[in-house]
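Below: one structure, written as structure tokens.
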Amino acid sequence: MSDQQLNNLIKMLDQIIANNLHHGDDEKVTDIAADHLQKFWARSMKQQIIAYANQRPDELSILAKLTVDKLEPAVEV
């Protein structure tokens with residue numbers, strides 16, 4: 001995966017989270033974001049963001065990492 005593709009996935013993930021911050025509660029925000037990824041992202045996209053989160057967890061926001069953590073059990077890497 002190119003750096004640009006990965007940067008786009010991270011940007012999209014951060015936007016999904018930002019668009020749901022009005023729910024207030026971090027748990028609710030990450031639940032909604034993980035559900036969105038599960039429903040609308042291709043398996044390859046989910047696998048790529050999970051692999052990145054596992055390799056470089058400190059490079060994602062806390063909410064992005066929590067979202068990916070919720071997504072991971074449902075996706076084979």
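Labels for the structure tokens follow display order: chains A, B, ..., residues from 1 in each chain, ligands from 1.
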Within 12 Å of Glu27 of chain A, counting only C-alpha atoms, which residues show up once you throw out same-chain ones fewer than 3 positions away? Write them as an MDAnalysis selection string, please.
-> chainID A and resid 17 20:21 23:24 30:34 62:64 66:67 69:70
I need the residues from that last selection saved to file as a tab-separated table (two decimals), in the first residue's frame (with all heavy atoms), if you can.
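Below is the file again34.tsv, written as the result:
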```tsv
chain	number	residue	atom	x	y	z
A	17	ILE	N	-14.85	9.96	12.58
A	17	ILE	CA	-14.87	10.22	14.02
A	17	ILE	C	-15.30	11.67	14.29
A	17	ILE	O	-16.18	11.91	15.12
A	17	ILE	CB	-13.49	9.92	14.65
A	17	ILE	CG1	-13.24	8.41	14.60
A	17	ILE	CG2	-13.40	10.47	16.06
A	17	ILE	CD1	-11.82	8.00	14.89
A	20	ASN	N	-18.91	12.48	14.14
A	20	ASN	CA	-19.75	11.87	15.16
A	20	ASN	C	-19.43	12.34	16.57
A	20	ASN	O	-20.00	11.83	17.54
A	20	ASN	CB	-19.65	10.34	15.07
A	20	ASN	CG	-20.39	9.83	13.86
A	20	ASN	OD1	-21.61	9.83	13.82
A	20	ASN	ND2	-19.64	9.43	12.83
A	21	LEU	N	-18.55	13.31	16.70
A	21	LEU	CA	-18.19	13.82	18.03
A	21	LEU	C	-19.36	14.45	18.76
A	21	LEU	O	-19.36	14.51	19.99
A	21	LEU	CB	-17.03	14.82	17.93
A	21	LEU	CG	-15.66	14.23	17.59
A	21	LEU	CD1	-14.64	15.34	17.40
A	21	LEU	CD2	-15.22	13.25	18.67
A	23	HIS	N	-21.99	13.21	19.44
A	23	HIS	CA	-22.60	12.23	20.33
A	23	HIS	C	-22.02	12.32	21.74
A	23	HIS	O	-22.59	11.78	22.68
A	23	HIS	CB	-22.44	10.81	19.78
A	23	HIS	CG	-23.25	10.57	18.55
A	23	HIS	ND1	-24.61	10.41	18.56
A	23	HIS	CD2	-22.88	10.49	17.25
A	23	HIS	CE1	-25.05	10.23	17.33
A	23	HIS	NE2	-24.02	10.27	16.52
A	24	GLY	N	-20.86	13.01	21.85
A	24	GLY	CA	-20.29	13.34	23.15
A	24	GLY	C	-19.47	12.27	23.82
A	24	GLY	O	-18.36	12.51	24.23
A	30	THR	N	-16.87	5.96	19.03
A	30	THR	CA	-16.08	4.88	18.44
A	30	THR	C	-16.95	3.70	18.01
A	30	THR	O	-16.64	3.03	17.02
A	30	THR	CB	-14.95	4.42	19.38
A	30	THR	OG1	-15.50	4.04	20.65
A	30	THR	CG2	-13.93	5.55	19.58
A	31	ASP	N	-18.05	3.46	18.70
A	31	ASP	CA	-18.99	2.42	18.26
A	31	ASP	C	-19.58	2.77	16.90
A	31	ASP	O	-19.65	1.93	16.00
A	31	ASP	CB	-20.14	2.25	19.26
A	31	ASP	CG	-19.78	1.48	20.51
A	31	ASP	OD1	-18.71	0.82	20.53
A	31	ASP	OD2	-20.56	1.54	21.48
A	32	ILE	N	-20.00	4.02	16.76
A	32	ILE	CA	-20.59	4.47	15.50
A	32	ILE	C	-19.56	4.42	14.37
A	32	ILE	O	-19.85	3.97	13.27
A	32	ILE	CB	-21.18	5.88	15.66
A	32	ILE	CG1	-22.39	5.83	16.58
A	32	ILE	CG2	-21.54	6.49	14.31
A	32	ILE	CD1	-22.89	7.18	17.04
A	33	ALA	N	-18.35	4.88	14.65
A	33	ALA	CA	-17.30	4.89	13.63
A	33	ALA	C	-16.94	3.46	13.21
A	33	ALA	O	-16.80	3.18	12.01
A	33	ALA	CB	-16.06	5.63	14.14
A	34	ALA	N	-16.81	2.55	14.17
A	34	ALA	CA	-16.49	1.16	13.84
A	34	ALA	C	-17.61	0.53	13.02
A	34	ALA	O	-17.35	-0.22	12.07
A	34	ALA	CB	-16.23	0.35	15.11
A	62	ILE	N	-6.23	8.73	19.64
A	62	ILE	CA	-6.77	7.79	20.62
A	62	ILE	C	-8.11	7.23	20.14
A	62	ILE	O	-8.35	6.03	20.20
A	62	ILE	CB	-6.92	8.45	22.00
A	62	ILE	CG1	-5.53	8.78	22.58
A	62	ILE	CG2	-7.72	7.58	22.96
A	62	ILE	CD1	-5.55	9.66	23.79
A	63	LEU	N	-8.97	8.11	19.63
A	63	LEU	CA	-10.28	7.65	19.17
A	63	LEU	C	-10.16	6.77	17.93
A	63	LEU	O	-10.92	5.80	17.78
A	63	LEU	CB	-11.21	8.83	18.90
A	63	LEU	CG	-11.65	9.61	20.13
A	63	LEU	CD1	-12.55	10.79	19.73
A	63	LEU	CD2	-12.34	8.72	21.13
A	64	ALA	N	-9.21	7.06	17.06
A	64	ALA	CA	-9.01	6.21	15.88
A	64	ALA	C	-8.54	4.83	16.30
A	64	ALA	O	-9.02	3.81	15.79
A	64	ALA	CB	-8.01	6.85	14.92
A	66	LEU	N	-9.05	3.34	19.20
A	66	LEU	CA	-10.17	2.66	19.86
A	66	LEU	C	-11.18	2.14	18.82
A	66	LEU	O	-11.72	1.04	18.97
A	66	LEU	CB	-10.87	3.60	20.84
A	66	LEU	CG	-10.11	3.96	22.09
A	66	LEU	CD1	-10.83	5.07	22.87
A	66	LEU	CD2	-9.89	2.74	22.97
A	67	THR	N	-11.40	2.91	17.78
A	67	THR	CA	-12.31	2.48	16.70
A	67	THR	C	-11.77	1.24	16.01
A	67	THR	O	-12.50	0.26	15.81
A	67	THR	CB	-12.50	3.62	15.68
A	67	THR	OG1	-13.11	4.74	16.34
A	67	THR	CG2	-13.38	3.17	14.52
A	69	ASP	N	-9.66	-0.90	17.17
A	69	ASP	CA	-9.68	-2.02	18.13
A	69	ASP	C	-11.05	-2.70	18.13
A	69	ASP	O	-11.15	-3.91	18.26
A	69	ASP	CB	-9.34	-1.55	19.53
A	69	ASP	CG	-7.87	-1.21	19.70
A	69	ASP	OD1	-7.05	-1.55	18.82
A	69	ASP	OD2	-7.54	-0.56	20.73
A	70	LYS	N	-12.12	-1.92	17.99
A	70	LYS	CA	-13.47	-2.48	17.95
A	70	LYS	C	-13.74	-3.18	16.63
A	70	LYS	O	-14.53	-4.12	16.58
A	70	LYS	CB	-14.50	-1.37	18.16
A	70	LYS	CG	-14.49	-0.82	19.55
A	70	LYS	CD	-15.49	0.29	19.71
A	70	LYS	CE	-15.43	0.78	21.16
A	70	LYS	NZ	-16.49	1.72	21.45
```
Per DSSP on the backbone, filter chain A down to the residues in helix (DSSP H, G or I) and report them as a PyMOL selection string.
-> chain A and resi 3-18+21-23+26-40+43-55+57-59+62-74
For each of A:Ser61, A:Gln55, A:Gln15, A:Ser44, take the minimum atom-to-atom distance to Glu76 of chain A, counting only C-alpha atoms, then give the residue where this is smallest.
->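 Using only C-alpha atoms, Glu76 of chain A sits closest to A:Ser44.
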